file final_19.tsv (TSV, C-alpha atoms and all ligand atoms)
chain	number	residue	atom	x	y	z
A	243	MET	CA	0.18	-8.79	17.85
A	244	SER	CA	-2.63	-10.97	19.23
A	245	SER	CA	-4.34	-13.46	16.94
A	246	HIS	CA	-7.98	-14.49	17.26
A	247	ASP	CA	-10.00	-17.14	15.41
A	248	THR	CA	-13.18	-15.06	15.24
A	249	LEU	CA	-14.49	-11.85	16.80
A	250	SER	CA	-18.05	-10.98	17.80
A	251	VAL	CA	-18.98	-7.44	16.74
A	252	CYS	CA	-21.48	-4.80	17.84
A	253	ILE	CA	-22.17	-1.93	15.42
A	254	HIS	CA	-23.24	1.28	17.17
A	255	GLY	CA	-25.33	3.64	15.02
A	256	VAL	CA	-26.55	0.98	12.59
A	257	SER	CA	-29.36	3.27	11.35
A	258	GLY	CA	-26.82	5.67	9.80
A	259	TYR	CA	-24.85	5.45	6.57
A	260	THR	CA	-21.50	4.33	7.99
A	261	GLY	CA	-23.38	1.91	10.24
A	262	ALA	CA	-25.02	0.35	7.17
A	263	GLU	CA	-21.66	0.19	5.42
A	264	CYS	CA	-20.00	-1.50	8.41
A	265	LEU	CA	-22.90	-3.96	8.44
A	266	ARG	CA	-22.13	-4.91	4.83
A	267	TRP	CA	-18.43	-5.51	5.45
A	268	VAL	CA	-18.96	-7.34	8.76
A	269	LEU	CA	-21.59	-9.67	7.26
A	270	ASN	CA	-19.26	-10.47	4.34
A	271	HIS	CA	-16.28	-11.17	6.62
A	272	PRO	CA	-15.27	-14.81	7.24
A	273	ARG	CA	-14.11	-14.25	10.83
A	274	LEU	CA	-16.46	-11.55	12.16
A	275	ARG	CA	-19.81	-12.44	13.75
A	276	LEU	CA	-22.41	-9.70	14.19
A	277	VAL	CA	-24.03	-10.00	17.63
A	278	GLY	CA	-25.42	-6.50	18.19
A	279	ALA	CA	-26.57	-3.37	16.40
A	280	THR	CA	-27.62	-0.20	18.23
A	281	ALA	CA	-29.47	3.02	17.46
A	282	GLN	CA	-31.74	5.33	19.43
A	283	LYS	CA	-34.83	6.14	17.34
A	284	ALA	CA	-34.76	2.78	15.53
A	285	ALA	CA	-34.44	0.66	18.71
A	286	GLY	CA	-36.81	-2.32	18.63
A	287	LYS	CA	-36.98	-2.58	14.84
A	288	PRO	CA	-35.44	-5.44	12.85
A	289	VAL	CA	-32.15	-4.30	11.26
A	290	SER	CA	-33.51	-5.62	7.94
A	291	ALA	CA	-36.36	-3.07	8.16
A	292	LEU	CA	-33.78	-0.25	8.18
A	293	TRP	CA	-31.84	-1.55	5.20
A	294	PRO	CA	-34.26	-3.46	2.90
A	295	ARG	CA	-31.47	-4.67	0.56
A	296	LEU	CA	-30.52	-7.06	3.38
A	297	GLY	CA	-33.67	-9.06	2.60
A	298	ALA	CA	-33.92	-11.97	5.01
A	299	ALA	CA	-30.14	-12.23	5.33
A	300	LEU	CA	-30.11	-11.00	8.92
A	301	ASP	CA	-32.33	-11.81	11.89
A	302	LEU	CA	-31.31	-9.16	14.43
A	303	THR	CA	-33.20	-6.46	16.30
A	304	VAL	CA	-31.80	-2.97	16.88
A	305	SER	CA	-31.09	-2.36	20.56
A	306	ARG	CA	-30.80	0.93	22.42
A	307	GLU	CA	-28.06	-0.32	24.77
A	308	PRO	CA	-24.64	-1.69	23.76
A	309	VAL	CA	-24.41	-5.45	23.29
A	310	GLU	CA	-21.39	-7.23	24.77
A	311	ALA	CA	-18.93	-8.14	22.01
A	312	ASP	CA	-15.23	-8.66	21.30
A	313	ALA	CA	-15.22	-5.58	19.05
A	314	HIS	CA	-17.24	-2.39	18.75
A	315	LEU	CA	-17.59	-0.20	15.68
A	316	LEU	CA	-18.72	3.30	16.68
A	317	CYS	CA	-20.62	4.84	13.75
A	318	LEU	CA	-21.90	7.77	15.78
A	319	PRO	CA	-22.12	11.55	15.49
A	320	HIS	CA	-19.16	13.48	16.87
A	321	GLY	CA	-19.39	13.74	20.66
A	322	GLN	CA	-21.34	10.47	21.09
A	323	ALA	CA	-18.40	8.08	20.71
A	324	VAL	CA	-16.33	9.83	23.36
A	325	ALA	CA	-19.25	9.46	25.78
A	326	LEU	CA	-19.86	5.77	24.98
A	327	ALA	CA	-16.30	4.43	24.74
A	328	PRO	CA	-15.58	4.25	28.52
A	329	GLN	CA	-18.53	1.84	28.90
A	330	LEU	CA	-17.09	-0.63	26.37
A	331	SER	CA	-14.35	-3.24	26.52
A	332	GLY	CA	-12.50	-5.14	23.80
A	333	PHE	CA	-11.44	-3.67	20.48
A	334	ILE	CA	-13.02	-0.32	19.60
A	335	ILE	CA	-12.90	1.47	16.26
A	336	ASP	CA	-14.27	5.02	16.36
A	337	LEU	CA	-15.40	6.24	12.94
A	338	SER	CA	-16.18	9.73	14.26
A	339	GLY	CA	-13.67	12.51	14.84
A	340	ASP	CA	-13.80	12.09	18.62
A	341	HIS	CA	-10.40	10.43	19.09
A	342	ARG	CA	-8.31	11.54	16.10
A	343	LEU	CA	-6.62	14.70	17.30
A	344	ALA	CA	-4.68	15.90	20.33
A	345	GLU	CA	-5.66	19.14	22.03
A	346	PRO	CA	-5.81	22.00	21.15
A	347	ASP	CA	-6.41	20.80	17.56
A	348	HIS	CA	-9.34	18.62	18.69
A	349	SER	CA	-11.25	21.50	20.34
A	350	ALA	CA	-10.58	23.75	17.37
A	351	ALA	CA	-11.91	21.14	14.92
A	352	TYR	CA	-14.89	19.76	16.86
A	353	GLY	CA	-15.88	22.48	19.31
A	354	TYR	CA	-15.49	20.59	22.59
A	355	ALA	CA	-12.48	19.61	24.69
A	356	ARG	CA	-11.48	15.98	25.22
A	357	ALA	CA	-9.57	15.04	28.38
A	358	THR	CA	-8.07	11.77	27.10
A	359	ALA	CA	-5.21	11.20	24.65
A	360	PRO	CA	-5.99	10.57	20.98
A	361	TRP	CA	-6.19	6.93	19.89
A	362	LEU	CA	-3.96	5.14	17.40
A	363	TYR	CA	-4.61	6.79	14.03
A	364	GLY	CA	-6.02	4.07	11.80
A	365	LEU	CA	-4.57	4.58	8.37
A	366	PRO	CA	-3.05	1.14	7.63
A	367	GLU	CA	-0.48	2.66	5.25
A	368	LEU	CA	1.23	4.32	8.22
A	369	GLY	CA	2.49	0.85	9.22
A	370	HIS	CA	0.98	-2.40	10.44
A	371	SER	CA	3.39	-2.88	13.36
A	372	ARG	CA	1.84	0.19	15.06
A	373	TYR	CA	-1.22	-1.95	15.89
A	374	ALA	CA	0.67	-4.43	18.12
A	375	GLY	CA	-0.88	-4.47	21.60
A	376	GLU	CA	-3.40	-1.73	20.72
A	377	LYS	CA	-7.14	-2.00	21.35
A	378	ARG	CA	-8.54	1.34	20.20
A	379	VAL	CA	-8.30	2.94	16.81
A	380	ALA	CA	-9.47	6.32	15.53
A	381	ASN	CA	-10.66	5.64	11.98
A	382	PRO	CA	-9.56	8.48	9.67
A	383	GLY	CA	-12.08	10.89	8.16
A	384	CYS	CA	-13.13	10.30	4.56
A	385	PHE	CA	-11.54	13.39	2.99
A	386	ALA	CA	-8.53	12.88	5.27
A	387	THR	CA	-8.04	9.34	3.95
A	388	ALA	CA	-7.99	10.51	0.33
A	389	LEU	CA	-5.67	13.45	1.03
A	390	GLU	CA	-3.30	11.30	3.09
A	391	LEU	CA	-3.07	8.54	0.49
A	392	ALA	CA	-2.30	11.19	-2.14
A	393	LEU	CA	0.42	12.80	-0.01
A	394	LEU	CA	2.08	10.05	2.07
A	395	PRO	CA	4.69	8.92	-0.49
A	396	MET	CA	5.88	12.54	-0.66
A	397	ALA	CA	5.78	13.21	3.10
A	398	ALA	CA	9.51	13.88	3.33
A	399	GLN	CA	9.58	16.39	0.46
A	400	LEU	CA	6.44	18.49	0.56
A	401	PRO	CA	6.39	22.13	-0.58
A	402	ASP	CA	5.56	24.86	1.98
A	403	ILE	CA	2.11	25.44	0.48
A	404	LEU	CA	-0.20	22.79	-0.98
A	405	HIS	CA	-3.41	23.55	-2.85
A	406	ALA	CA	-5.92	20.70	-2.75
A	407	THR	CA	-9.43	20.42	-4.17
A	408	GLY	CA	-11.85	17.64	-3.23
A	409	LEU	CA	-15.33	16.64	-4.33
A	410	THR	CA	-17.55	14.47	-2.18
A	411	GLY	CA	-20.85	12.61	-2.45
A	412	SER	CA	-23.98	13.23	-0.41
A	413	THR	CA	-23.70	10.16	1.86
A	414	GLY	CA	-20.75	11.96	3.45
A	415	SER	CA	-23.26	14.22	5.22
A	416	GLY	CA	-25.06	11.39	7.02
A	417	VAL	CA	-28.62	10.11	6.98
A	418	THR	CA	-30.40	13.25	8.28
A	419	PRO	CA	-31.15	15.88	5.60
A	420	THR	CA	-30.32	19.52	6.26
A	421	GLU	CA	-30.88	22.75	4.35
A	422	THR	CA	-27.69	22.29	2.33
A	423	THR	CA	-27.67	18.49	2.07
A	424	HIS	CA	-31.19	17.45	1.08
A	425	HIS	CA	-31.87	16.42	-2.50
A	426	PRO	CA	-33.00	19.71	-4.15
A	427	ALA	CA	-29.96	21.52	-2.74
A	428	ARG	CA	-27.47	18.82	-3.80
A	429	ASP	CA	-28.80	17.46	-7.05
A	430	GLU	CA	-27.43	19.20	-10.18
A	431	ASN	CA	-25.30	21.38	-7.93
A	432	LEU	CA	-21.67	21.87	-6.93
A	433	ARG	CA	-21.24	23.73	-3.66
A	434	PRO	CA	-17.92	24.66	-2.03
A	435	TYR	CA	-18.05	24.59	1.78
A	436	LYS	CA	-15.66	25.00	4.73
A	437	VAL	CA	-13.24	26.65	2.28
A	438	LEU	CA	-9.65	26.41	3.68
A	439	ASN	CA	-11.18	25.44	7.02
A	440	HIS	CA	-12.20	21.77	6.86
A	441	GLN	CA	-11.86	19.81	10.10
A	442	HIS	CA	-9.96	16.97	8.41
A	443	VAL	CA	-6.88	19.06	7.58
A	444	PRO	CA	-5.34	18.81	11.09
A	445	GLU	CA	-5.54	15.00	10.99
A	446	VAL	CA	-3.85	14.98	7.58
A	447	LEU	CA	-1.03	16.96	9.18
A	448	ARG	CA	-0.98	14.42	12.05
A	449	ALA	CA	-0.62	11.57	9.55
A	450	LEU	CA	2.13	13.38	7.62
A	451	THR	CA	4.00	13.91	10.89
A	452	GLU	CA	3.71	10.18	11.67
A	453	ALA	CA	4.96	9.45	8.13
A	454	GLY	CA	8.12	11.46	8.79
A	455	ALA	CA	7.35	14.87	7.26
A	456	ARG	CA	10.30	17.17	8.00
A	457	SER	CA	8.11	20.26	7.99
A	458	LEU	CA	4.37	20.55	7.63
A	459	PRO	CA	2.86	22.35	4.66
A	460	SER	CA	0.08	24.91	4.76
A	461	LEU	CA	-2.58	22.61	3.29
A	462	GLN	CA	-5.08	24.90	1.58
A	463	PHE	CA	-8.04	22.64	0.93
A	464	VAL	CA	-11.25	23.49	-0.95
A	465	PRO	CA	-13.98	20.86	-0.37
A	466	ILE	CA	-16.94	20.79	-2.79
A	467	SER	CA	-20.16	18.85	-2.37
A	468	ALA	CA	-21.03	17.05	-5.60
A	469	PRO	CA	-24.27	15.51	-6.92
A	470	LEU	CA	-23.37	11.86	-6.39
A	471	ARG	CA	-24.14	9.51	-3.54
A	472	ARG	CA	-20.83	7.72	-2.97
A	473	GLY	CA	-17.35	8.88	-3.75
A	474	ILE	CA	-14.53	11.33	-3.13
A	475	LEU	CA	-12.00	12.68	-5.60
A	476	VAL	CA	-9.12	14.89	-4.49
A	477	ALA	CA	-6.61	16.64	-6.76
A	478	ILE	CA	-3.31	18.13	-5.55
A	479	PRO	CA	-0.66	19.75	-7.80
A	480	LEU	CA	2.53	18.24	-6.38
A	481	PRO	CA	5.89	19.12	-7.97
A	482	GLY	CA	8.43	16.31	-7.72
A	483	ALA	CA	5.92	13.45	-7.36
A	484	THR	CA	6.77	10.54	-9.64
A	485	ILE	CA	4.84	7.44	-10.60
A	486	GLU	CA	7.88	5.32	-9.63
A	487	ASN	CA	7.87	6.74	-6.10
A	488	TYR	CA	4.15	6.01	-5.69
A	489	GLN	CA	4.41	2.52	-7.19
A	490	ALA	CA	7.24	1.70	-4.79
A	491	PHE	CA	5.26	3.04	-1.81
A	492	TYR	CA	2.05	1.19	-2.68
A	493	GLY	CA	3.63	-1.97	-4.15
A	494	GLY	CA	1.83	-5.07	-2.81
A	495	ASN	CA	-0.98	-3.01	-1.24
A	496	LEU	CA	-4.26	-4.69	-2.20
A	497	LEU	CA	-6.31	-1.72	-0.96
A	498	ALA	CA	-4.57	0.89	-3.13
A	499	ALA	CA	-3.78	0.99	-6.85
A	500	VAL	CA	-1.46	3.46	-8.59
A	501	SER	CA	-1.70	4.65	-12.18
A	502	ASP	CA	-0.27	7.40	-14.37
A	503	GLN	CA	-3.86	8.31	-15.33
A	504	PRO	CA	-6.41	10.23	-13.21
A	505	PRO	CA	-8.90	7.95	-11.40
A	506	ASP	CA	-12.66	8.43	-11.31
A	507	VAL	CA	-15.09	7.75	-8.49
A	508	LEU	CA	-17.22	5.14	-10.26
A	509	SER	CA	-14.17	2.88	-10.43
A	510	VAL	CA	-14.03	2.76	-6.61
A	511	ALA	CA	-17.70	3.11	-5.62
A	512	GLY	CA	-18.71	0.24	-3.35
A	513	THR	CA	-15.12	-1.03	-3.09
A	514	PRO	CA	-12.46	-0.79	-0.37
A	515	LEU	CA	-9.94	0.37	-2.96
A	516	ALA	CA	-8.17	3.73	-3.20
A	517	ARG	CA	-7.14	4.65	-6.73
A	518	ILE	CA	-4.21	7.04	-6.90
A	519	GLY	CA	-3.22	8.79	-10.11
A	520	VAL	CA	0.13	10.52	-10.57
A	521	VAL	CA	-0.38	12.55	-13.73
A	522	HIS	CA	2.59	14.22	-15.35
A	523	SER	CA	1.81	16.58	-18.24
A	524	PRO	CA	3.05	19.51	-20.31
A	525	VAL	CA	1.43	22.68	-18.95
A	526	SER	CA	-0.61	24.34	-21.66
A	527	GLY	CA	0.21	27.98	-22.39
A	528	THR	CA	3.84	27.61	-21.32
A	529	ARG	CA	6.92	26.99	-23.45
A	530	GLY	CA	7.79	23.46	-22.44
A	531	ALA	CA	7.03	23.54	-18.73
A	532	THR	CA	5.66	20.33	-17.20
A	533	GLY	CA	3.65	19.73	-14.04
A	534	THR	CA	2.39	16.89	-11.86
A	535	VAL	CA	-0.99	16.46	-10.19
A	536	VAL	CA	-1.70	13.66	-7.73
A	537	PHE	CA	-5.30	12.41	-7.53
A	538	CYS	CA	-6.96	10.02	-5.13
A	539	ALA	CA	-10.44	8.52	-5.56
A	540	ILE	CA	-12.13	6.54	-2.80
A	541	ASP	CA	-15.64	5.59	-1.74
A	542	ASN	CA	-16.30	7.80	1.29
A	543	LEU	CA	-18.38	5.06	2.93
A	544	ALA	CA	-15.93	2.21	2.21
A	545	ARG	CA	-12.22	3.21	2.15
A	546	GLY	CA	-13.33	6.44	3.86
A	547	ALA	CA	-15.26	4.66	6.66
A	548	GLY	CA	-16.62	1.07	6.84
A	549	SER	CA	-14.10	-1.06	4.95
A	550	GLN	CA	-11.25	0.92	6.52
A	551	ALA	CA	-12.77	0.23	9.96
A	552	VAL	CA	-12.77	-3.50	9.17
A	553	ALA	CA	-9.18	-3.25	7.85
A	554	ASN	CA	-8.25	-1.67	11.18
A	555	LEU	CA	-10.04	-4.41	13.09
A	556	ASN	CA	-8.17	-7.00	11.01
A	557	LEU	CA	-4.86	-5.44	12.05
A	558	LEU	CA	-5.86	-5.27	15.74
A	559	ALA	CA	-6.80	-8.98	15.56
A	560	GLY	CA	-3.51	-9.93	13.90
A	561	TRP	CA	-5.19	-10.86	10.59
A	562	PRO	CA	-4.23	-9.78	7.05
A	563	VAL	CA	-5.34	-6.18	6.51
A	564	ASP	CA	-7.56	-7.09	3.55
A	565	LEU	CA	-9.28	-10.14	5.09
A	566	GLY	CA	-12.97	-10.07	4.16
A	567	LEU	CA	-12.52	-7.04	1.92
A	568	THR	CA	-11.97	-8.72	-1.41
A	569	ALA	CA	-15.54	-9.79	-2.35
A	570	LEU	CA	-16.65	-8.32	-5.65
A	571	GLY	CA	-19.37	-5.68	-5.63
A	572	PRO	CA	-21.45	-4.73	-8.69
A	573	LEU	CA	-19.11	-4.18	-11.68
A	574	VAL	CA	-21.27	-1.60	-13.47
B	1	LIG	N1	-20.82	9.45	6.04
B	1	LIG	C1	-19.53	9.32	5.74
B	1	LIG	O1	-19.14	9.24	4.56
B	1	LIG	C2	-18.51	9.27	6.84
B	1	LIG	C3	-17.20	8.88	6.52
B	1	LIG	C4	-16.25	8.81	7.53
B	1	LIG	C5	-16.60	9.12	8.84
B	1	LIG	N2	-17.87	9.52	9.12
B	1	LIG	C6	-18.19	9.81	10.52
B	1	LIG	O2	-18.86	8.65	11.04
B	1	LIG	C7	-19.83	9.04	12.00
B	1	LIG	C8	-21.21	8.51	11.54
B	1	LIG	O3	-21.48	9.11	10.28
B	1	LIG	P1	-22.77	8.74	9.45
B	1	LIG	O4	-22.65	9.43	8.17
B	1	LIG	O5	-23.00	7.27	9.51
B	1	LIG	O6	-23.88	9.48	10.35
B	1	LIG	P2	-25.44	9.26	10.31
B	1	LIG	O7	-25.83	8.74	8.97
B	1	LIG	O8	-26.04	10.51	10.81
B	1	LIG	O9	-25.68	8.09	11.36
B	1	LIG	C9	-25.45	8.20	12.74
B	1	LIG	C10	-26.42	7.26	13.42
B	1	LIG	O10	-26.10	7.17	14.80
B	1	LIG	C11	-27.31	6.95	15.51
B	1	LIG	N3	-27.07	7.37	16.91
B	1	LIG	C12	-26.93	8.62	17.38
B	1	LIG	N4	-26.63	8.57	18.69
B	1	LIG	C13	-26.60	7.26	19.04
B	1	LIG	C14	-26.32	6.54	20.25
B	1	LIG	N5	-26.03	7.18	21.38
B	1	LIG	N6	-26.34	5.18	20.22
B	1	LIG	C15	-26.64	4.52	19.09
B	1	LIG	N7	-26.88	5.14	17.91
B	1	LIG	C16	-26.87	6.49	17.89
B	1	LIG	C17	-28.35	7.79	14.77
B	1	LIG	O11	-29.62	7.19	14.79
B	1	LIG	P3	-30.68	7.50	15.93
B	1	LIG	O12	-30.82	8.99	15.98
B	1	LIG	O13	-31.90	6.78	15.52
B	1	LIG	O14	-30.09	6.93	17.15
B	1	LIG	C18	-27.85	7.75	13.32
B	1	LIG	O15	-28.57	6.86	12.50
B	1	LIG	C19	-19.81	10.58	12.06
B	1	LIG	O16	-19.05	10.97	13.17
B	1	LIG	C20	-19.14	10.97	10.74
B	1	LIG	O17	-18.45	12.18	10.81
B	1	LIG	C21	-18.84	9.59	8.16
call {"tool": "encode", "arguments": {"input": "final_19.tsv", "output": "structure tokens"}}
result
Amino acid sequence: MSSHDTLSVCIHGVSGYTGAECLRWVLNHPRLRLVGATAQKAAGKPVSALWPRLGAALDLTVSREPVEADAHLLCLPHGQAVALAPQLSGFIIDLSGDHRLAEPDHSAAYGYARATAPWLYGLPELGHSRYAGEKRVANPGCFATALELALLPMAAQLPDILHATGLTGSTGSGVTPTETTHHPARDENLRPYKVLNHQHVPEVLRALTEAGARSLPSLQFVPISAPLRRGILVAIPLPGATIENYQAFYGGNLLAAVSDQPPDVLSVAGTPLARIGVVHSPVSGTRGATGTVVFCAIDNLARGAGSQAVANLNLLAGWPVDLGLTALGPLV
């Protein structure tokens, strides 16, 4: 694995939500130096005018064209990253779905064919040695990250059918409001969507295959949009899962914490942390039966996007996976 002192970074799509989140983690990182930030409609504006909480912390203007850098974070709509990537050199992390899946799964999930092979799948828990000599990483989807972290320790012993439910916050839909994502439609509402047919399920199956799954389950996933801005919570009944197994799998991992209690999203909002709960309980209405449900809570913009992108860049650079990711955010 190569080792660098510092890396210059260009964030592509800085006017969007994952772009803003990458900005936060890059600016807080001791060995990353932001040299460029791109967008189309916002080109020519100061980055600080897009994200007022920056205050005067950053003196940089949004450009339309890519800026030369050691590393590029592609925070772009699906279909844009695949078009831009061939023009770039150095390390590239694609936060979109453009490079996650092989064909024909990619076409089925995203509606267009891609001629090139998928990139290294960037879930650090699949193993750090996989990054040696690599330059391009497909950052996992936000729901996919939560589902994978809940399932990976059980990859070798999954049942044939898995039922998963997941709730997600509104920032997961990006900065542009639509009929189903603008405030009156989301606030005080819970809305199931893409029932059993979410585009992240095939990449979860890819990750389980890489983790050594002997056979792949039918993952029957019900996503629900929830009235919060940041956060994802998934719940999966999983017979045979034990807290000991999960603690052993995640032992020493500073970006994942395991408990025997269910996690909530406020406890991860703004942080790079995944909280995994392995909850074993008597099943009410039965005579003595017990069951186990595995939960995972993440911040869709952090562990589900920006902080995971920086973790992936750390691994490409030969740095500790959590470098620059340990600063405290607001505690309440
Ligand atoms: N939101 C999440 O929680 C989340 C989590 C994981 C992964 N993702 C994935 O990450 C990607 C970005 O998501 P997002 O939520 O950040 O989307 P978003 O809020 O819609 O932001 C995308 C930004 O890209 C800019 N853009 C579009 N084409 C561009 C180009 N050619 N060059 C430079 N900038 C361009 C757009 O601004 P202009 O129109 O002004 O250029 C827009 O602000 C998507 O593929 C999404 O699926 C999102």
call {"tool": "residues_near_ligand", "arguments": {"input": "final_19.tsv", "ligand": "ligand LIG 1 (chain B)", "cutoff": "6 Å", "atoms": "all atoms listed in the file", "output": "PyMOL selection string"}}
result
chain A and resi 254-255+257-261+280-284+317-320+322+337-339+383-384+413-418+542-543+546-547
call {"tool": "residues_near_point", "arguments": {"input": "final_19.tsv", "point": "(-12.3, 24.9, 15.9)", "cutoff": "10 Å", "atoms": "only C-alpha atoms", "output": "VMD selection string"}}
result
chain A and resid 346 to 354 439 to 441
call {"tool": "write_last_selection", "arguments": {"input": "final_19.tsv", "atoms": "C-alpha atoms", "output": "mmCIF file, in the frame of the given file"}}
result
data_model
loop_
_atom_site.group_PDB
_atom_site.id
_atom_site.type_symbol
_atom_site.label_atom_id
_atom_site.label_comp_id
_atom_site.auth_asym_id
_atom_site.auth_seq_id
_atom_site.Cartn_x
_atom_site.Cartn_y
_atom_site.Cartn_z
ATOM 1 C CA PRO A 346 -5.810 22.000 21.150
ATOM 2 C CA ASP A 347 -6.410 20.800 17.560
ATOM 3 C CA HIS A 348 -9.340 18.620 18.690
ATOM 4 C CA SER A 349 -11.250 21.500 20.340
ATOM 5 C CA ALA A 350 -10.580 23.750 17.370
ATOM 6 C CA ALA A 351 -11.910 21.140 14.920
ATOM 7 C CA TYR A 352 -14.890 19.760 16.860
ATOM 8 C CA GLY A 353 -15.880 22.480 19.310
ATOM 9 C CA TYR A 354 -15.490 20.590 22.590
ATOM 10 C CA ASN A 439 -11.180 25.440 7.020
ATOM 11 C CA HIS A 440 -12.200 21.770 6.860
ATOM 12 C CA GLN A 441 -11.860 19.810 10.100
#
call {"tool": "closest_atom_pairs", "arguments": {"input": "final_19.tsv", "of": "region 262-333 of chain A", "to": "region 551-561 of chain A", "cutoff": "12 Å", "atoms": "all atoms listed in the file", "output": "CSV"}}
result
residue,atom,partner,partner_atom,distance
A:Glu263,CA,A:Ala551,CA,10.0
A:Cys264,CA,A:Val552,CA,7.5
A:Leu265,CA,A:Val552,CA,10.2
A:Arg266,CA,A:Val552,CA,10.4
A:Trp267,CA,A:Val552,CA,7.1
A:Val268,CA,A:Val552,CA,7.3
A:Leu269,CA,A:Val552,CA,10.9
A:Asn270,CA,A:Val552,CA,10.7
A:His271,CA,A:Val552,CA,8.8
A:Pro272,CA,A:Asn556,CA,11.2
A:Arg273,CA,A:Asn556,CA,9.4
A:Leu274,CA,A:Val552,CA,9.3
A:Asp312,CA,A:Ala559,CA,10.2
A:Ala313,CA,A:Leu555,CA,8.0
A:His314,CA,A:Leu555,CA,9.4
A:Leu315,CA,A:Ala551,CA,7.5
A:Leu316,CA,A:Ala551,CA,9.5
A:Cys317,CA,A:Ala551,CA,9.9
A:Gly332,CA,A:Leu558,CA,10.4
A:Phe333,CA,A:Leu558,CA,7.5
call {"tool": "residues_around", "arguments": {"input": "final_19.tsv", "residues": "Ser501 (chain A)", "least_positions_apart": "3", "cutoff": "10 Å", "atoms": "only C-alpha atoms", "output": "PyMOL selection string"}}
result
chain A and resi 485-486+488-489+504-505+517-521+537
call {"tool": "closest_residue", "arguments": {"input": "final_19.tsv", "among": "A:Gly533, A:Gly321, A:Gly571, A:Gly375", "to": "Thr484 (chain A)", "atoms": "all atoms listed in the file"}}
result
A:Gly533
call {"tool": "build_atoms", "arguments": {"input": "final_19.tsv", "residues": "region 324-336 of chain A", "atoms": "N, CA and C atoms", "output": "compact mmCIF listing (two decimals), keeping the file's coordinate frame"}}
result
# COMPACT_ATOMS: atom_id res chain seq x y z
N VAL A 324 -17.17 9.55 22.19
CA VAL A 324 -16.33 9.83 23.36
C VAL A 324 -17.11 9.55 24.64
N ALA A 325 -18.44 9.72 24.60
CA ALA A 325 -19.25 9.46 25.78
C ALA A 325 -19.45 7.95 25.98
N LEU A 326 -19.56 7.20 24.89
CA LEU A 326 -19.86 5.77 24.98
C LEU A 326 -18.62 4.91 25.28
N ALA A 327 -17.48 5.30 24.71
CA ALA A 327 -16.30 4.43 24.74
C ALA A 327 -15.93 3.93 26.14
N PRO A 328 -15.99 4.76 27.19
CA PRO A 328 -15.58 4.25 28.52
C PRO A 328 -16.45 3.11 29.03
N GLN A 329 -17.65 2.94 28.46
CA GLN A 329 -18.53 1.84 28.90
C GLN A 329 -18.22 0.52 28.19
N LEU A 330 -17.32 0.55 27.21
CA LEU A 330 -17.09 -0.63 26.37
C LEU A 330 -15.74 -1.26 26.66
N SER A 331 -15.65 -2.58 26.43
CA SER A 331 -14.35 -3.24 26.52
C SER A 331 -14.09 -3.96 25.20
N GLY A 332 -12.87 -4.47 25.04
CA GLY A 332 -12.50 -5.14 23.80
C GLY A 332 -11.96 -4.15 22.79
N PHE A 333 -11.93 -4.56 21.54
CA PHE A 333 -11.44 -3.67 20.48
C PHE A 333 -12.51 -2.62 20.17
N ILE A 334 -12.07 -1.38 19.96
CA ILE A 334 -13.02 -0.32 19.60
C ILE A 334 -12.44 0.47 18.42
N ILE A 335 -13.26 0.60 17.39
CA ILE A 335 -12.90 1.47 16.26
C ILE A 335 -13.90 2.62 16.26
N ASP A 336 -13.40 3.83 16.37
CA ASP A 336 -14.27 5.02 16.36
C ASP A 336 -14.22 5.66 14.99
